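Heads up, structure_25.tsv below (TSV, C-alpha atoms):
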chain	number	residue	atom	x	y	z
H	1	MET	CA	85.80	134.55	87.34
H	2	ASN	CA	86.31	131.12	85.81
H	3	GLU	CA	85.48	130.55	82.17
H	4	MET	CA	81.98	129.19	82.82
H	5	THR	CA	81.12	132.08	85.13
H	6	THR	CA	82.45	134.62	82.63
H	7	LYS	CA	80.41	133.05	79.83
H	8	ALA	CA	77.24	133.13	81.92
H	9	TYR	CA	77.91	136.79	82.78
H	10	ARG	CA	78.31	137.66	79.10
H	11	GLU	CA	75.13	135.80	78.21
H	12	ARG	CA	73.17	137.81	80.76
H	13	PHE	CA	74.41	141.06	79.24
H	14	ASN	CA	73.77	139.85	75.69
H	15	ARG	CA	70.19	139.02	76.69
H	16	LEU	CA	69.91	142.52	78.13
H	17	PHE	CA	71.34	144.18	75.00
H	18	ASP	CA	68.91	142.28	72.78
H	19	TYR	CA	65.98	143.33	74.95
H	20	ILE	CA	67.01	146.99	74.76
H	21	ASP	CA	67.28	146.73	70.96
H	22	ARG	CA	63.76	145.33	70.68
H	23	HIS	CA	62.16	147.80	73.12
H	24	LEU	CA	63.93	151.02	72.23
H	25	ASP	CA	60.58	152.80	71.78
H	26	GLU	CA	59.39	151.88	75.26
H	27	PRO	CA	60.29	153.11	78.76
H	28	LEU	CA	63.31	151.11	79.94
H	29	THR	CA	63.39	151.26	83.71
H	30	MET	CA	66.22	150.08	85.95
H	31	GLU	CA	63.80	147.70	87.68
H	32	VAL	CA	62.85	145.95	84.45
H	33	LEU	CA	66.41	145.81	83.09
H	34	SER	CA	68.03	144.61	86.30
H	35	HIS	CA	65.38	141.91	86.70
H	36	LEU	CA	65.86	140.79	83.09
H	37	ALA	CA	69.62	140.41	83.61
H	38	SER	CA	69.09	138.74	87.01
H	39	PHE	CA	71.08	141.45	88.79
H	40	SER	CA	70.23	143.16	92.05
H	41	ARG	CA	68.75	146.58	91.38
H	42	PHE	CA	71.03	147.97	94.08
H	43	HIS	CA	74.15	147.02	92.10
H	44	PHE	CA	72.87	146.92	88.53
H	45	GLN	CA	74.00	150.37	87.39
H	46	ARG	CA	77.56	149.84	88.65
H	47	GLN	CA	77.69	146.39	87.04
H	48	PHE	CA	76.45	147.78	83.73
H	49	SER	CA	78.92	150.68	83.75
H	50	GLY	CA	81.76	148.36	84.67
H	51	TYR	CA	80.96	145.93	81.85
H	52	VAL	CA	79.93	148.39	79.13
H	53	GLY	CA	81.94	151.50	80.00
H	54	LEU	CA	78.79	153.63	79.82
H	55	SER	CA	75.90	154.23	82.16
H	56	VAL	CA	72.63	152.49	81.31
H	57	THR	CA	70.99	155.83	80.55
H	58	ARG	CA	73.83	156.94	78.24
H	59	TYR	CA	73.89	153.61	76.41
H	60	ILE	CA	70.16	153.76	75.68
H	61	GLN	CA	70.38	157.41	74.62
H	62	LEU	CA	73.21	156.62	72.20
H	63	LEU	CA	71.17	153.86	70.57
H	64	ARG	CA	68.21	156.21	70.17
H	65	LEU	CA	70.39	159.01	68.77
H	66	ARG	CA	72.03	156.54	66.39
H	67	ARG	CA	68.63	155.51	65.05
H	68	ALA	CA	67.60	159.18	64.83
H	69	SER	CA	70.74	159.93	62.79
H	70	TYR	CA	69.78	157.39	60.15
H	71	GLN	CA	66.22	158.67	60.04
H	72	LEU	CA	67.34	162.28	59.63
H	73	VAL	CA	69.46	161.46	56.58
H	74	PHE	CA	67.65	158.57	54.92
H	75	SER	CA	64.00	159.28	55.82
H	76	GLU	CA	63.75	162.83	54.57
H	77	GLN	CA	59.95	162.77	54.60
H	78	ARG	CA	59.91	162.42	58.39
H	79	ARG	CA	59.74	165.61	60.42
H	80	ILE	CA	62.58	166.34	62.80
H	81	ILE	CA	60.14	166.84	65.66
H	82	ASP	CA	58.70	163.33	65.13
H	83	ILE	CA	62.17	161.79	65.00
H	84	GLY	CA	63.03	163.54	68.28
H	85	LEU	CA	59.86	162.31	69.97
H	86	ASP	CA	60.59	158.75	68.81
H	87	ALA	CA	64.05	159.10	70.33
H	88	GLY	CA	62.46	159.74	73.72
H	89	PHE	CA	62.81	163.53	73.95
H	90	GLU	CA	59.93	165.65	75.19
H	91	ASN	CA	60.44	168.56	72.79
H	92	PRO	CA	62.57	169.63	69.79
H	93	GLU	CA	64.82	171.80	71.97
H	94	SER	CA	65.96	168.96	74.24
H	95	PHE	CA	66.48	166.70	71.20
H	96	SER	CA	68.54	169.38	69.45
H	97	ARG	CA	70.69	170.01	72.53
H	98	ALA	CA	71.42	166.33	73.11
H	99	PHE	CA	72.11	165.66	69.43
H	100	LYS	CA	74.50	168.60	69.12
H	101	LYS	CA	76.30	167.71	72.34
H	102	CYS	CA	76.82	164.19	71.05
H	103	PHE	CA	77.67	164.82	67.39
H	104	GLY	CA	78.60	168.51	67.12
H	105	GLN	CA	75.69	169.30	64.80
H	106	THR	CA	72.04	170.10	65.35
H	107	PRO	CA	69.55	167.64	63.85
H	108	SER	CA	68.76	170.08	61.01
H	109	GLN	CA	72.46	170.61	60.27
H	110	PHE	CA	73.04	166.86	60.26
H	111	ARG	CA	70.12	166.31	57.91
H	112	GLU	CA	71.41	168.99	55.52
H	113	GLN	CA	75.09	167.99	55.54
H	114	PRO	CA	75.94	165.09	57.87
H	115	ALA	CA	79.51	165.02	59.19
H	116	TRP	CA	79.98	161.25	59.20
H	117	GLN	CA	83.63	161.25	60.24
H	118	PRO	CA	83.07	162.81	63.70
H	119	TRP	CA	79.80	160.88	63.94
H	120	ASN	CA	81.72	157.61	63.67
H	121	GLU	CA	84.32	158.78	66.17
H	122	ARG	CA	81.70	159.67	68.77
H	123	MET	CA	79.35	156.76	68.10
H	124	GLN	CA	81.54	154.30	69.98
H	125	LEU	CA	79.28	151.57	71.33
H	126	PRO	CA	80.69	148.65	73.31
H	127	GLU	CA	81.65	145.41	71.64
H	128	ARG	CA	78.91	142.82	71.78
H	129	GLU	CA	78.99	139.11	71.24
H	130	ARG	CA	76.69	137.71	68.59
H	131	ASN	CA	75.70	134.20	67.77
H	132	ILE	CA	76.77	133.80	64.16
H	133	SER	CA	74.72	131.59	61.92
H	134	MET	CA	77.05	128.70	61.11
H	135	GLU	CA	75.06	127.58	58.07
H	136	VAL	CA	76.94	128.05	54.81
H	137	ASN	CA	75.26	127.09	51.52
H	138	ILE	CA	76.76	126.70	48.07
H	139	VAL	CA	74.54	128.53	45.57
H	140	ASP	CA	74.61	129.54	41.92
H	141	PHE	CA	74.57	133.32	41.63
H	142	GLU	CA	72.98	134.48	38.39
H	143	GLU	CA	74.57	137.25	36.33
H	144	THR	CA	73.11	140.54	37.48
H	145	MET	CA	73.29	143.95	35.82
H	146	ILE	CA	73.86	146.66	38.41
H	147	ALA	CA	74.04	150.42	38.66
H	148	VAL	CA	77.17	151.29	40.62
H	149	LEU	CA	78.47	154.25	42.56
H	150	GLU	CA	82.12	153.66	43.41
H	151	HIS	CA	83.05	154.71	46.93
H	152	ARG	CA	86.75	155.43	47.16
H	153	GLY	CA	88.06	156.64	50.50
H	154	ALA	CA	87.62	156.17	54.23
H	155	PRO	CA	85.03	153.54	55.23
H	156	GLU	CA	83.68	156.03	57.77
H	157	LEU	CA	82.49	158.22	54.89
H	158	ILE	CA	80.59	155.53	53.03
H	159	PHE	CA	77.22	156.94	54.07
H	160	GLU	CA	78.03	160.06	52.06
H	161	SER	CA	78.25	157.89	48.95
H	162	VAL	CA	75.12	155.96	49.97
H	163	LYS	CA	73.19	159.22	50.10
H	164	VAL	CA	74.39	160.17	46.59
H	165	PHE	CA	73.32	156.75	45.29
H	166	ILE	CA	69.90	157.07	46.91
H	167	ASP	CA	69.47	160.47	45.24
H	168	TRP	CA	70.35	158.90	41.87
H	169	ARG	CA	67.83	156.11	42.46
H	170	LYS	CA	65.07	158.59	43.19
H	171	GLN	CA	65.88	160.86	40.26
H	172	SER	CA	66.47	158.19	37.62
H	173	GLY	CA	63.79	155.66	38.53
H	174	LEU	CA	66.00	152.96	36.99
H	175	SER	CA	66.53	150.93	40.16
H	176	PRO	CA	63.42	151.33	42.34
H	177	ASN	CA	64.28	150.72	45.96
H	178	ALA	CA	61.09	148.73	46.60
H	179	SER	CA	61.49	146.28	43.70
H	180	SER	CA	65.23	146.15	42.94
H	181	ARG	CA	67.85	144.37	44.99
H	182	THR	CA	70.61	146.38	46.65
H	183	PHE	CA	74.18	145.11	46.75
H	184	GLY	CA	77.60	146.08	47.97
H	185	ILE	CA	80.87	144.86	46.45
H	186	ALA	CA	83.73	144.84	48.95
H	187	TYR	CA	87.13	145.02	47.26
H	188	ASP	CA	89.13	145.63	50.43
H	189	ASP	CA	89.19	144.74	54.12
H	190	PRO	CA	88.72	148.02	56.04
H	191	GLU	CA	90.79	146.61	58.90
H	192	ASN	CA	93.88	146.18	56.71
H	193	THR	CA	93.54	148.88	54.04
H	194	PRO	CA	94.73	152.51	54.30
H	195	PRO	CA	91.58	154.69	54.42
H	196	GLU	CA	92.47	156.57	51.25
H	197	GLU	CA	92.79	153.26	49.33
H	198	PHE	CA	89.55	151.64	50.53
H	199	ARG	CA	87.22	150.59	47.68
H	200	PHE	CA	83.54	149.67	47.90
H	201	ASP	CA	80.83	149.66	45.21
H	202	ILE	CA	77.26	150.66	46.16
H	203	CYS	CA	74.94	148.88	43.76
H	204	GLY	CA	71.32	148.57	42.70
H	205	GLU	CA	69.84	145.99	40.35
H	206	ILE	CA	68.83	147.38	36.93
H	207	GLY	CA	67.38	146.15	33.66
H	208	THR	CA	69.00	148.62	31.28
H	209	ASN	CA	72.27	150.51	30.97
H	210	VAL	CA	72.69	153.65	33.04
H	211	PRO	CA	72.85	156.87	31.02
H	212	GLU	CA	75.34	159.58	31.95
H	213	ASN	CA	74.33	161.31	35.17
H	214	PRO	CA	75.66	163.97	37.58
H	215	GLN	CA	76.09	161.48	40.43
H	216	GLY	CA	78.65	159.43	38.49
H	217	VAL	CA	76.67	156.19	38.61
H	218	THR	CA	77.81	153.65	35.99
H	219	THR	CA	76.80	150.21	34.71
H	220	LYS	CA	78.55	147.02	35.79
H	221	ARG	CA	77.68	143.34	36.11
H	222	ILE	CA	78.04	140.79	38.85
H	223	PRO	CA	79.11	137.66	36.95
H	224	ALA	CA	77.34	134.34	37.26
H	225	GLY	CA	79.07	131.67	39.28
H	226	ARG	CA	79.15	129.47	42.33
H	227	CYS	CA	79.24	131.19	45.71
H	228	ALA	CA	79.33	130.27	49.36
H	229	ARG	CA	76.53	132.14	51.11
H	230	ILE	CA	76.12	132.95	54.78
H	231	ARG	CA	73.33	135.07	56.27
H	232	HIS	CA	74.30	137.88	58.63
H	233	TYR	CA	71.74	139.12	61.14
H	234	GLY	CA	71.94	142.55	62.76
H	235	SER	CA	73.98	145.67	62.23
H	236	THR	CA	76.28	145.77	59.23
H	237	ASP	CA	78.84	147.35	61.57
H	238	ARG	CA	79.47	143.80	62.71
H	239	ILE	CA	79.35	142.07	59.35
H	240	SER	CA	83.05	141.24	59.61
H	241	GLU	CA	82.05	138.52	62.10
H	242	SER	CA	80.24	136.61	59.35
H	243	VAL	CA	82.89	137.43	56.75
H	244	TYR	CA	85.72	136.12	58.91
H	245	HIS	CA	83.72	133.02	59.73
H	246	LEU	CA	83.66	132.23	56.02
H	247	TYR	CA	87.37	132.82	55.55
H	248	ARG	CA	88.74	131.42	58.81
H	249	GLU	CA	86.35	128.64	59.76
H	250	TRP	CA	84.52	127.44	56.68
H	251	LEU	CA	86.91	127.87	53.72
H	252	PRO	CA	89.99	125.95	55.02
H	253	ASP	CA	87.94	122.75	55.53
H	254	SER	CA	85.63	123.16	52.53
H	255	GLY	CA	87.97	121.97	49.78
H	256	GLU	CA	86.84	124.98	47.74
H	257	GLU	CA	88.97	127.56	45.93
H	258	LEU	CA	88.13	131.22	45.53
H	259	ARG	CA	87.17	132.85	42.26
H	260	ASP	CA	88.74	136.13	41.13
H	261	PHE	CA	85.88	138.39	42.15
H	262	PRO	CA	85.33	140.40	45.33
H	263	LEU	CA	83.00	139.66	48.22
H	264	ILE	CA	79.32	140.46	47.53
H	265	PHE	CA	76.78	141.75	50.05
H	266	HIS	CA	73.05	141.53	49.33
H	267	TYR	CA	71.13	143.82	51.68
H	268	VAL	CA	67.92	141.85	52.18
H	269	LYS	CA	66.57	144.07	54.97
H	270	ARG	CA	68.28	147.33	55.83
H	271	ILE	CA	67.93	150.68	57.54
H	272	PRO	CA	65.96	152.89	57.65
H	273	GLU	CA	63.06	150.64	56.63
H	274	THR	CA	64.24	148.01	59.14
H	275	ALA	CA	65.46	148.47	62.70
H	276	GLU	CA	69.22	148.12	62.86
H	277	HIS	CA	69.18	144.96	64.98
H	278	GLU	CA	66.72	143.34	62.53
H	279	GLN	CA	68.80	143.89	59.41
H	280	ILE	CA	69.53	140.88	57.19
H	281	THR	CA	72.50	140.72	54.82
H	282	ASP	CA	73.48	137.76	52.66
H	283	VAL	CA	77.25	137.49	52.21
H	284	TYR	CA	78.47	135.77	49.02
H	285	LEU	CA	82.01	134.42	48.68
H	286	PRO	CA	82.71	133.70	44.96
H	287	LEU	CA	84.04	130.16	44.29
H	288	LYS	CA	85.59	128.46	41.27
This structure in structure tokens:
Amino acid sequence: MNEMTTKAYRERFNRLFDYIDRHLDEPLTMEVLSHLASFSRFHFQRQFSGYVGLSVTRYIQLLRLRRASYQLVFSEQRRIIDIGLDAGFENPESFSRAFKKCFGQTPSQFREQPAWQPWNERMQLPERERNISMEVNIVDFEETMIAVLEHRGAPELIFESVKVFIDWRKQSGLSPNASSRTFGIAYDDPENTPPEEFRFDICGEIGTNVPENPQGVTTKRIPAGRCARIRHYGSTDRISESVYHLYREWLPDSGEELRDFPLIFHYVKRIPETAEHEQITDVYLPLK
């Protein structure tokens, strides 16, 4: 394929991926999907498998199981049977079998004690191109008091720390999820940091100091200062795309210099309240 043909081919698949994301709760037939991508239905499944490395059916099932995983852990009020039905399974038994085959745990085992390391290893979805918002704004970030749980260790295990922080939020009532902003402070690049040295702070906005607690949550502050801000749309698994755009594309030509403070993520819309493809995260790069 020449470059223009290859680009058009990618665009057809990206349009297809976006449609699947938006209609994950609906029946997704080969006829509808092949028509959407402008492929012959006689060749569509082979084209999809060749491009993605997975069958259409397996790809859709993985997305539904991925969503179910988040709901099991972070939406504890939801019944497992309802989560399974939403994932497209006819009964709890078929959901349990598929979930265990994929992740090595039953849904109830995963809810009780999720094994995130093997989950990450098995949840290997194909790389997808995204259109990154090119708009970068210079803003003044106000000093913000935050409750912090320090995650230290493999990035793949960060959801374990997130769960601990959520438990603290619920028990303390000091940083209500509905009315307090949620942040992440990224000290290290996971691509270039040994797993055991990776550092990331999970943070919630507060109005008073955090008393001693069993979760180990402490008080810190995000200092006031100028920041370059870019908005990232979609899964935070791909947030490095927006981060690297700031560093590689915007910063060299901006005339700006960096301040001595790590990268800040503000999770504007996030799972499980928001579908993964509809997440919004503001990325702040501190400037002098």
With the cut-off set at 8 Å and counting all atoms listed in the file, tabulate each residue of stretch 53-93 of chain H with an atom at most that distance from an atom of stretch 10-33 of chain H, showing the nearest atom pair and its distance in Å to one decimal, ordered by chain and increasing number, as a tab-separated table.
residue	atom	partner	partner_atom	distance
H:Ile60	CA	H:Ile20	CA	7.5
H:Leu63	CA	H:Leu24	CA	8.0
H:Arg64	CA	H:Leu24	CA	7.0
H:Asp86	CA	H:Asp25	CA	6.7
H:Ala87	CA	H:Asp25	CA	7.3
H:Gly88	CA	H:Asp25	CA	7.4
Using all atoms listed in the file, can you list as a list in words the residues within 7 Å of (66.7, 146.5, 36.6)?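 Residues with an atom close enough to that point: Leu174, Ser175, Ser180, Glu205, Ile206, Gly207 and Thr208 of chain H.
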Selected residues, C-alpha atoms, written as a PDB file, in the frame of the given file, please.
ATOM      1  CA  LEU H 174      66.000 152.960  36.990  1.00  0.00           C
ATOM      2  CA  SER H 175      66.530 150.930  40.160  1.00  0.00           C
ATOM      3  CA  SER H 180      65.230 146.150  42.940  1.00  0.00           C
ATOM      4  CA  GLU H 205      69.840 145.990  40.350  1.00  0.00           C
ATOM      5  CA  ILE H 206      68.830 147.380  36.930  1.00  0.00           C
ATOM      6  CA  GLY H 207      67.380 146.150  33.660  1.00  0.00           C
ATOM      7  CA  THR H 208      69.000 148.620  31.280  1.00  0.00           C
TER       8      THR H 208
END
What would the list of residues within 12 Å of (75.5, 144.5, 50.7) (file frame) look like as a VMD selection string, if only C-alpha atoms are what count? chain H and resid 162 181 to 186 200 to 205 231 to 232 235 to 237 239 243 262 to 271 279 to 284
As an exercise, work out the distance from atom CA of H:Arg199 to atom CA of H:Ile222 in Å and give it to one decimal place. 16.1 Å
Atomic separation - atom CA of H:Ala68 relative to atom CA of H:Gly234, Å: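 So the answer is 17.3 Å.
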Go ahead and compute the interatomic distance for atom CA of H:Glu212 and atom CA of H:Leu72, in Å to one decimal. 28.9 Å
Point out the residue among H:Leu285, H:Cys102, H:Ile80, H:Ala154 with the least atom-to-atom distance to H:Val136, counting all atoms listed in the file.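 Closest candidate: H:Leu285.
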Closest pair table for stretch 134-171 of chain H residues within 12 Å of stretch 116-119 of chain H, all atoms listed in the file, as JSON lines:
{"residue": "H:Gly153", "atom": "CA", "partner": "H:Gln117", "partner_atom": "CA", "distance": 11.7}
{"residue": "H:Ala154", "atom": "CA", "partner": "H:Gln117", "partner_atom": "CA", "distance": 8.8}
{"residue": "H:Pro155", "atom": "CA", "partner": "H:Gln117", "partner_atom": "CA", "distance": 9.3}
{"residue": "H:Glu156", "atom": "CA", "partner": "H:Gln117", "partner_atom": "CA", "distance": 5.8}
{"residue": "H:Leu157", "atom": "CA", "partner": "H:Trp116", "partner_atom": "CA", "distance": 5.8}
{"residue": "H:Ile158", "atom": "CA", "partner": "H:Trp116", "partner_atom": "CA", "distance": 8.4}
{"residue": "H:Phe159", "atom": "CA", "partner": "H:Trp116", "partner_atom": "CA", "distance": 7.2}
{"residue": "H:Glu160", "atom": "CA", "partner": "H:Trp116", "partner_atom": "CA", "distance": 7.5}
{"residue": "H:Ser161", "atom": "CA", "partner": "H:Trp116", "partner_atom": "CA", "distance": 10.9}
{"residue": "H:Val162", "atom": "CA", "partner": "H:Trp116", "partner_atom": "CA", "distance": 11.7}
{"residue": "H:Lys163", "atom": "CA", "partner": "H:Trp116", "partner_atom": "CA", "distance": 11.5}
Shortest interatomic distance to H:Ile146 - which of H:Met123, H:Ala115, H:Val210, H:Ala98, counting all atoms listed in the file: H:Val210
